[in-house]
Amino acid sequence: MPMISVAPPPALAFPRLITLTMPPPMIALPDRAHADAPCPPRPLLVRHAAAKHKAVVVMGATGTGKSRLAVRFGGKVINSDKMQVYQGLDVATNKVSPGECAGVPHHLLGLVQDPDQDFSAADFRREAASVARDAAARGYVPVVAGGSNSYVEELVEGDRRAFRERYDCCFLWVDVQLPVLRDFVARRVDDMCRRGLVDEVAAAFDPRRTDYSRGVWRAIGVPELDAYLRSTGAGEDERASMLAAAVDEIKANTSRLACRQRGKIQRLARMWRVRRVDATEVFLKSGTAADEAWQRLVAAPCIDAVRSFLLEDQECSMVAAAGKASVFASAAGNASVFAGRPATAVV
């Protein structure tokens with residue numbers, strides 16, 4: 001099955017929240033039919049009537065396209081992947097690239113500099129809650145996205161549900177049927193190898209290390225390569241066989257991870273009101289056909305769901321484009337929205 005195109009979407013006018021009076025703020029989202037259009041439609045300005053802020057949470061197993069969806073809502077993306085919070089090993093941890101960030105600020109990527117330091121779910125809750133408070137105060141919607149569901153659950157339910165007291169949450173689940181996802185993640189591991197996975201892990205390899213249960217060293221792709229990297233005295237054929245076995249193990253462990261993640265999301269979906277979108281068809285296509293399927297099956301319904309969520313119990317007013325300040329910046333002006341606000345991500 002061909003790899004799915006990961007080219008960034010066309011330049012979008014990402015929405016920024018604009019406060020009319022005091023927080024909670026206002027927001028606009030693109031029409032679903034124009035979600036990929038370079039010129040935004042007339043904006044819908046919304047004033048919150050409720051006291052709570054709004055937050056969006058994007059969930060999904062590894063490789064399902066959570067980051068691709070998260071940038072569609074503008075705002076500020078808060079990474080909830082427990083390996084991507086560490087600095088370094090960008091290929092092994094599949095950190096989002098600058099192109100994939102698409103100009104949207106990302107936070108908690110490459111935050112932890114000590115590769116041996118444990119970053120617990122409680123640590124994530126404190127850091128993510130701080131970023132969310134700052135985003136809301138500046139008029140942005142926090143968008144939490146990542147595959148570590150223990151982090152997401154701790155943020156939402158931990159500390160006496162403080163996050164839920166402050167935010168109404170829209171939960172989105174990008175789902176892919178496991179047989180299709182397994183095939184895709186296997187191909188993605190091959191692509192990671194082409195992008196330098198083995199060399200990256202070799203550069204960080206320390207033969208004195210025997211414990212891969214802490215810090216970034218737990219990332220799939222690191223412990224699996226240990227035996228191969230220790231086999232410097234073996235023959236060429238033997239080393240090639242060991243490398244092939246390591247790659248197969250990486251694929252198997254990634255598939256097991258996807259299965260566990262999907263199971264955890266199914267459990268959370270029984271606790272929360274979760275909107276599930278099935279992206280399986282996207283992963284069965286390639287190129288333009290995959291992009292069209294993504295827009296139709298994932299982006300458009302999720303934009304609709306987020307718009308409905310943001311408009312709940314709010315006073316709405318349509319503002320004519322001519323002579324009115326739009327919450328959408330033009331493609332050229334989009335940079336000014338984030339000017340002076342660089343993402344904290346190391347990407």
# chains A, B, ... in the order shown; residues from 1 in each chain; ligands from 1
>>> select_by_dssp(residues="segment 64-264 of chain A", states="alpha helix (DSSP H)", output="PyMOL selection string")
chain A and resi 66-70+98-101+121-137+149-166+178-194+197-204+226-230+236-264
>>> residues_around(residues="segment 112-120 of chain A", least_positions_apart="3", cutoff="10 Å", atoms="only C-alpha atoms", output="PDB file with N, CA, C and O atoms, in the first residue's frame")
ATOM      1  N   LYS A  82       4.156  11.384  24.925  1.00  0.00           N
ATOM      2  CA  LYS A  82       5.125  11.320  26.020  1.00  0.00           C
ATOM      3  C   LYS A  82       6.566  11.151  25.556  1.00  0.00           C
ATOM      4  O   LYS A  82       7.492  11.401  26.338  1.00  0.00           O
ATOM      5  N   MET A  83       6.801  10.752  24.320  1.00  0.00           N
ATOM      6  CA  MET A  83       8.162  10.683  23.806  1.00  0.00           C
ATOM      7  C   MET A  83       8.573  11.982  23.103  1.00  0.00           C
ATOM      8  O   MET A  83       9.727  12.368  23.118  1.00  0.00           O
ATOM      9  N   GLN A  84       7.608  12.656  22.507  1.00  0.00           N
ATOM     10  CA  GLN A  84       7.925  13.900  21.805  1.00  0.00           C
ATOM     11  C   GLN A  84       8.170  15.071  22.749  1.00  0.00           C
ATOM     12  O   GLN A  84       8.629  16.125  22.311  1.00  0.00           O
ATOM     13  N   VAL A  85       7.889  14.900  24.041  1.00  0.00           N
ATOM     14  CA  VAL A  85       8.217  15.964  24.992  1.00  0.00           C
ATOM     15  C   VAL A  85       9.719  16.071  25.201  1.00  0.00           C
ATOM     16  O   VAL A  85      10.212  17.082  25.713  1.00  0.00           O
ATOM     17  N   TYR A  86      10.478  15.041  24.780  1.00  0.00           N
ATOM     18  CA  TYR A  86      11.929  15.046  24.969  1.00  0.00           C
ATOM     19  C   TYR A  86      12.635  15.702  23.790  1.00  0.00           C
ATOM     20  O   TYR A  86      12.188  15.609  22.639  1.00  0.00           O
ATOM     21  N   GLN A  87      13.745  16.338  24.084  1.00  0.00           N
ATOM     22  CA  GLN A  87      14.583  16.919  23.053  1.00  0.00           C
ATOM     23  C   GLN A  87      15.408  15.817  22.395  1.00  0.00           C
ATOM     24  O   GLN A  87      15.906  14.909  23.063  1.00  0.00           O
ATOM     25  N   GLY A  88      15.547  15.894  21.077  1.00  0.00           N
ATOM     26  CA  GLY A  88      16.358  14.923  20.355  1.00  0.00           C
ATOM     27  C   GLY A  88      15.569  13.725  19.873  1.00  0.00           C
ATOM     28  O   GLY A  88      14.368  13.583  20.137  1.00  0.00           O
ATOM     29  N   LEU A  89      16.274  12.836  19.134  1.00  0.00           N
ATOM     30  CA  LEU A  89      15.676  11.633  18.551  1.00  0.00           C
ATOM     31  C   LEU A  89      14.391  11.974  17.790  1.00  0.00           C
ATOM     32  O   LEU A  89      13.343  11.336  17.956  1.00  0.00           O
ATOM     33  N   LEU A 108       5.241  22.064  24.169  1.00  0.00           N
ATOM     34  CA  LEU A 108       5.622  20.818  24.832  1.00  0.00           C
ATOM     35  C   LEU A 108       6.219  19.810  23.858  1.00  0.00           C
ATOM     36  O   LEU A 108       6.116  18.596  24.063  1.00  0.00           O
ATOM     37  N   LEU A 109       6.860  20.290  22.824  1.00  0.00           N
ATOM     38  CA  LEU A 109       7.681  19.459  21.940  1.00  0.00           C
ATOM     39  C   LEU A 109       9.144  19.770  22.271  1.00  0.00           C
ATOM     40  O   LEU A 109       9.553  20.930  22.258  1.00  0.00           O
ATOM     41  N   ASP A 123       3.392  15.638  35.666  1.00  0.00           N
ATOM     42  CA  ASP A 123       4.237  16.700  35.103  1.00  0.00           C
ATOM     43  C   ASP A 123       3.576  17.279  33.857  1.00  0.00           C
ATOM     44  O   ASP A 123       3.540  18.503  33.665  1.00  0.00           O
ATOM     45  N   PHE A 124       3.068  16.401  33.010  1.00  0.00           N
ATOM     46  CA  PHE A 124       2.400  16.874  31.797  1.00  0.00           C
ATOM     47  C   PHE A 124       1.187  17.721  32.151  1.00  0.00           C
ATOM     48  O   PHE A 124       0.954  18.771  31.544  1.00  0.00           O
ATOM     49  N   ARG A 125       0.391  17.257  33.110  1.00  0.00           N
ATOM     50  CA  ARG A 125      -0.806  18.017  33.483  1.00  0.00           C
ATOM     51  C   ARG A 125      -0.457  19.441  33.900  1.00  0.00           C
ATOM     52  O   ARG A 125      -1.103  20.406  33.463  1.00  0.00           O
ATOM     53  N   SER A 150      -2.711   8.351  28.498  1.00  0.00           N
ATOM     54  CA  SER A 150      -2.556   8.517  29.946  1.00  0.00           C
ATOM     55  C   SER A 150      -2.312   9.985  30.276  1.00  0.00           C
ATOM     56  O   SER A 150      -2.790  10.483  31.314  1.00  0.00           O
ATOM     57  N   TYR A 151      -1.591  10.694  29.417  1.00  0.00           N
ATOM     58  CA  TYR A 151      -1.383  12.129  29.603  1.00  0.00           C
ATOM     59  C   TYR A 151      -2.712  12.880  29.468  1.00  0.00           C
ATOM     60  O   TYR A 151      -3.038  13.752  30.280  1.00  0.00           O
ATOM     61  N   GLU A 154      -5.009  12.252  32.448  1.00  0.00           N
ATOM     62  CA  GLU A 154      -4.545  12.968  33.640  1.00  0.00           C
ATOM     63  C   GLU A 154      -4.854  14.459  33.537  1.00  0.00           C
ATOM     64  O   GLU A 154      -5.261  15.087  34.524  1.00  0.00           O
ATOM     65  N   TYR A 212      16.584   0.587  29.488  1.00  0.00           N
ATOM     66  CA  TYR A 212      15.796   1.351  28.521  1.00  0.00           C
ATOM     67  C   TYR A 212      14.372   1.601  29.042  1.00  0.00           C
ATOM     68  O   TYR A 212      13.435   1.722  28.251  1.00  0.00           O
ATOM     69  N   SER A 213      14.250   1.691  30.347  1.00  0.00           N
ATOM     70  CA  SER A 213      12.932   1.852  30.955  1.00  0.00           C
ATOM     71  C   SER A 213      12.665   3.285  31.420  1.00  0.00           C
ATOM     72  O   SER A 213      11.627   3.552  32.024  1.00  0.00           O
ATOM     73  N   ARG A 214      13.610   4.201  31.138  1.00  0.00           N
ATOM     74  CA  ARG A 214      13.447   5.566  31.620  1.00  0.00           C
ATOM     75  C   ARG A 214      13.634   6.561  30.473  1.00  0.00           C
ATOM     76  O   ARG A 214      14.339   6.288  29.497  1.00  0.00           O
ATOM     77  N   GLY A 215      12.996   7.713  30.636  1.00  0.00           N
ATOM     78  CA  GLY A 215      13.236   8.832  29.737  1.00  0.00           C
ATOM     79  C   GLY A 215      12.931   8.519  28.284  1.00  0.00           C
ATOM     80  O   GLY A 215      12.098   7.672  27.948  1.00  0.00           O
ATOM     81  N   VAL A 216      13.671   9.200  27.406  1.00  0.00           N
ATOM     82  CA  VAL A 216      13.438   9.062  25.970  1.00  0.00           C
ATOM     83  C   VAL A 216      13.904   7.716  25.446  1.00  0.00           C
ATOM     84  O   VAL A 216      13.527   7.305  24.337  1.00  0.00           O
ATOM     85  N   TRP A 217      14.707   7.002  26.243  1.00  0.00           N
ATOM     86  CA  TRP A 217      15.243   5.715  25.787  1.00  0.00           C
ATOM     87  C   TRP A 217      14.154   4.658  25.668  1.00  0.00           C
ATOM     88  O   TRP A 217      14.381   3.584  25.106  1.00  0.00           O
ATOM     89  N   ARG A 218      12.962   4.947  26.171  1.00  0.00           N
ATOM     90  CA  ARG A 218      11.836   4.016  26.030  1.00  0.00           C
ATOM     91  C   ARG A 218      11.223   4.081  24.642  1.00  0.00           C
ATOM     92  O   ARG A 218      10.402   3.223  24.276  1.00  0.00           O
TER      93      ARG A 218
END
>>> residues_around(residues="Asn94 of chain A", least_positions_apart="6", cutoff="12 Å", atoms="only C-alpha atoms", output="number ranges by chain")
A: 62-63, 65, 67, 81-88, 100, 109-110, 146-147, 185, 188-189, 191-193, 195-197, 219-221, 254, 347
>>> write_last_selection(atoms="C-alpha atoms", output="compact mmCIF listing (two decimals), in the first residue's frame")
# COMPACT_ATOMS: atom_id res chain seq x y z
CA THR A 62 0.00 6.37 16.34
CA GLY A 63 0.12 7.32 12.68
CA GLY A 65 -2.93 11.97 11.51
CA SER A 67 -1.16 16.56 14.15
CA ASP A 81 2.94 12.51 23.14
CA LYS A 82 5.12 11.32 26.02
CA MET A 83 8.16 10.68 23.81
CA GLN A 84 7.92 13.90 21.80
CA VAL A 85 8.22 15.96 24.99
CA TYR A 86 11.93 15.05 24.97
CA GLN A 87 14.58 16.92 23.05
CA GLY A 88 16.36 14.92 20.36
CA GLU A 100 3.59 19.99 9.28
CA LEU A 109 7.68 19.46 21.94
CA GLY A 110 11.32 18.95 22.91
CA GLY A 146 -0.93 13.37 20.81
CA GLY A 147 -1.00 9.63 21.27
CA VAL A 185 2.84 1.87 10.44
CA ARG A 188 6.18 4.25 8.08
CA VAL A 189 8.97 2.43 9.95
CA ASP A 191 10.32 5.41 5.78
CA MET A 192 11.85 6.31 9.16
CA CYS A 193 14.81 4.06 8.35
CA ARG A 195 15.16 9.19 6.93
CA GLY A 196 18.00 8.15 9.20
CA LEU A 197 16.48 6.30 12.17
CA ALA A 219 10.93 5.29 22.55
CA ILE A 220 10.17 2.48 20.13
CA GLY A 221 13.18 2.15 17.82
CA THR A 254 4.57 -0.12 16.93
CA VAL A 347 11.05 20.95 15.62
>>> closest_residue(among="A:Asp90, A:Val198, A:Cys302, A:Ala279", to="Leu172 of chain A", atoms="only C-alpha atoms")
A:Cys302
>>> atom_distance(atom1="atom CA of Phe309 of chain A", atom2="atom CA of Lys52 of chain A")
12.5 Å
>>> atom_distance(atom1="atom CA of Leu310 of chain A", atom2="atom CA of Met59 of chain A")
18.5 Å
>>> atom_distance(atom1="atom CA of Leu225 of chain A", atom2="atom CA of Ala203 of chain A")
11.9 Å
>>> select_by_dssp(residues="segment 126-288 of chain A", states="strand (DSSP E)", output="VMD selection string")
chain A and resid 142 to 145 167 to 175 274 to 278
>>> write_last_selection(atoms="all heavy atoms", output="CSV table (one decimal), in the first residue's frame")
chain,number,residue,atom,x,y,z
A,142,PRO,N,-6.9,26.3,23.2
A,142,PRO,CA,-5.9,25.2,23.3
A,142,PRO,C,-6.4,24.0,22.5
A,142,PRO,O,-7.5,23.5,22.7
A,142,PRO,CB,-5.9,24.9,24.8
A,142,PRO,CG,-6.6,26.1,25.4
A,142,PRO,CD,-7.6,26.6,24.4
A,143,VAL,N,-5.5,23.4,21.8
A,143,VAL,CA,-5.8,22.2,21.0
A,143,VAL,C,-4.8,21.1,21.5
A,143,VAL,O,-3.6,21.2,21.1
A,143,VAL,CB,-5.7,22.4,19.5
A,143,VAL,CG1,-6.0,21.1,18.7
A,143,VAL,CG2,-6.6,23.5,19.0
A,144,VAL,N,-5.2,20.2,22.3
A,144,VAL,CA,-4.4,19.1,22.8
A,144,VAL,C,-4.3,17.9,21.8
A,144,VAL,O,-5.4,17.4,21.4
A,144,VAL,CB,-4.9,18.6,24.2
A,144,VAL,CG1,-3.9,17.5,24.7
A,144,VAL,CG2,-5.0,19.8,25.1
A,145,ALA,N,-3.1,17.5,21.4
A,145,ALA,CA,-3.0,16.5,20.3
A,145,ALA,C,-1.8,15.6,20.6
A,145,ALA,O,-0.7,16.1,20.8
A,145,ALA,CB,-2.9,17.1,18.9
A,167,TYR,N,-12.5,24.4,31.6
A,167,TYR,CA,-12.7,24.3,30.1
A,167,TYR,C,-13.9,23.3,29.8
A,167,TYR,O,-14.0,22.2,30.4
A,167,TYR,CB,-11.5,23.7,29.4
A,167,TYR,CG,-10.3,24.6,29.6
A,167,TYR,CD1,-9.4,24.4,30.7
A,167,TYR,CD2,-10.0,25.7,28.7
A,167,TYR,CE1,-8.3,25.2,30.9
A,167,TYR,CE2,-8.9,26.5,28.9
A,167,TYR,CZ,-8.0,26.2,30.0
A,167,TYR,OH,-6.9,27.1,30.2
A,168,ASP,N,-14.7,23.7,28.8
A,168,ASP,CA,-15.5,22.7,28.1
A,168,ASP,C,-14.6,22.1,27.0
A,168,ASP,O,-13.9,22.8,26.3
A,168,ASP,CB,-16.7,23.4,27.5
A,168,ASP,CG,-17.8,23.7,28.5
A,168,ASP,OD1,-17.9,23.0,29.4
A,168,ASP,OD2,-18.5,24.7,28.3
A,169,CYS,N,-14.7,20.8,26.9
A,169,CYS,CA,-13.8,20.1,26.0
A,169,CYS,C,-14.6,19.4,24.8
A,169,CYS,O,-15.6,18.8,25.0
A,169,CYS,CB,-13.0,19.0,26.7
A,169,CYS,SG,-11.9,19.6,28.0
A,170,CYS,N,-14.0,19.6,23.6
A,170,CYS,CA,-14.5,18.8,22.4
A,170,CYS,C,-13.5,17.7,22.1
A,170,CYS,O,-12.3,18.0,21.8
A,170,CYS,CB,-14.6,19.8,21.3
A,170,CYS,SG,-15.1,19.0,19.7
A,171,PHE,N,-13.9,16.5,22.3
A,171,PHE,CA,-13.0,15.4,22.0
A,171,PHE,C,-13.2,14.8,20.6
A,171,PHE,O,-14.4,14.4,20.3
A,171,PHE,CB,-13.3,14.3,23.1
A,171,PHE,CG,-13.0,14.7,24.5
A,171,PHE,CD1,-14.1,15.1,25.3
A,171,PHE,CD2,-11.8,14.7,25.0
A,171,PHE,CE1,-13.9,15.5,26.6
A,171,PHE,CE2,-11.5,15.1,26.3
A,171,PHE,CZ,-12.6,15.5,27.1
A,172,LEU,N,-12.2,14.7,19.9
A,172,LEU,CA,-12.2,14.2,18.5
A,172,LEU,C,-11.3,12.9,18.5
A,172,LEU,O,-10.2,12.9,19.0
A,172,LEU,CB,-11.7,15.2,17.5
A,172,LEU,CG,-12.4,16.5,17.4
A,172,LEU,CD1,-11.7,17.5,16.5
A,172,LEU,CD2,-13.9,16.3,17.0
A,173,TRP,N,-11.8,11.9,17.8
A,173,TRP,CA,-11.0,10.6,17.7
A,173,TRP,C,-10.9,10.3,16.2
A,173,TRP,O,-11.8,10.0,15.5
A,173,TRP,CB,-11.7,9.5,18.4
A,173,TRP,CG,-11.2,8.1,18.3
A,173,TRP,CD1,-10.0,7.8,17.8
A,173,TRP,CD2,-11.8,6.9,18.6
A,173,TRP,NE1,-9.8,6.4,17.8
A,173,TRP,CE2,-10.9,5.9,18.3
A,173,TRP,CE3,-13.1,6.6,19.2
A,173,TRP,CZ2,-11.3,4.5,18.5
A,173,TRP,CZ3,-13.4,5.3,19.4
A,173,TRP,CH2,-12.5,4.2,19.1
A,174,VAL,N,-9.6,10.4,15.7
A,174,VAL,CA,-9.3,9.9,14.4
A,174,VAL,C,-9.0,8.4,14.4
A,174,VAL,O,-7.9,8.1,14.9
A,174,VAL,CB,-8.1,10.7,13.8
A,174,VAL,CG1,-7.9,10.3,12.3
A,174,VAL,CG2,-8.4,12.2,13.9
A,175,ASP,N,-9.9,7.6,13.9
A,175,ASP,CA,-9.7,6.2,14.0
A,175,ASP,C,-9.4,5.6,12.7
A,175,ASP,O,-9.8,6.0,11.6
A,175,ASP,CB,-11.0,5.6,14.6
A,175,ASP,CG,-10.9,4.1,15.0
A,175,ASP,OD1,-9.7,3.7,15.3
A,175,ASP,OD2,-11.9,3.4,15.1
A,274,VAL,N,-17.3,11.7,22.9
A,274,VAL,CA,-16.2,11.7,21.9
A,274,VAL,C,-16.8,11.6,20.5
A,274,VAL,O,-17.7,10.8,20.2
A,274,VAL,CB,-15.2,10.5,22.1
A,274,VAL,CG1,-14.2,10.5,21.0
A,274,VAL,CG2,-14.6,10.7,23.5
A,275,ARG,N,-16.3,12.5,19.6
A,275,ARG,CA,-16.7,12.4,18.2
A,275,ARG,C,-15.7,11.6,17.4
A,275,ARG,O,-14.5,12.0,17.3
A,275,ARG,CB,-16.8,13.8,17.6
A,275,ARG,CG,-17.0,13.9,16.0
A,275,ARG,CD,-18.3,13.3,15.6
A,275,ARG,NE,-18.4,13.2,14.1
A,275,ARG,CZ,-19.0,14.2,13.4
A,275,ARG,NH1,-19.5,15.2,14.0
A,275,ARG,NH2,-19.1,14.0,12.1
A,276,ARG,N,-16.1,10.4,16.9
A,276,ARG,CA,-15.2,9.5,16.2
A,276,ARG,C,-15.4,9.7,14.7
A,276,ARG,O,-16.5,9.8,14.2
A,276,ARG,CB,-15.5,8.1,16.5
A,276,ARG,CG,-14.7,7.1,15.7
A,276,ARG,CD,-15.1,5.6,16.0
A,276,ARG,NE,-14.5,4.6,15.2
A,276,ARG,CZ,-15.0,4.2,14.0
A,276,ARG,NH1,-16.1,4.7,13.6
A,276,ARG,NH2,-14.3,3.3,13.3
A,277,VAL,N,-14.2,9.9,14.0
A,277,VAL,CA,-14.2,9.9,12.5
A,277,VAL,C,-13.4,8.7,12.0
A,277,VAL,O,-12.3,8.5,12.6
A,277,VAL,CB,-13.7,11.2,12.0
A,277,VAL,CG1,-14.7,12.4,12.3
A,277,VAL,CG2,-12.3,11.6,12.5
A,278,ASP,N,-13.9,8.0,11.0
A,278,ASP,CA,-13.2,6.8,10.5
A,278,ASP,C,-12.3,7.3,9.3
A,278,ASP,O,-12.9,7.6,8.3
A,278,ASP,CB,-14.2,5.8,10.1
A,278,ASP,CG,-13.5,4.4,9.8
A,278,ASP,OD1,-12.3,4.4,9.6
A,278,ASP,OD2,-14.2,3.4,9.8
>>> closest_residue(among="A:Lys76, A:Arg307, A:Arg161, A:Arg166", to="Asp134 of chain A", atoms="only C-alpha atoms")
A:Lys76
>>> closest_residue(among="A:Arg182, A:Arg208, A:His106, A:Arg138", to="Asn253 of chain A", atoms="only C-alpha atoms")
A:Arg182
>>> closest_residue(among="A:Leu229, A:Leu178, A:Val306, A:Ala246", to="Phe283 of chain A", atoms="only C-alpha atoms")
A:Leu178
>>> closest_residue(among="A:Leu311, A:His53, A:Val77, A:Asn149", to="Leu268 of chain A", atoms="only C-alpha atoms")
A:Asn149
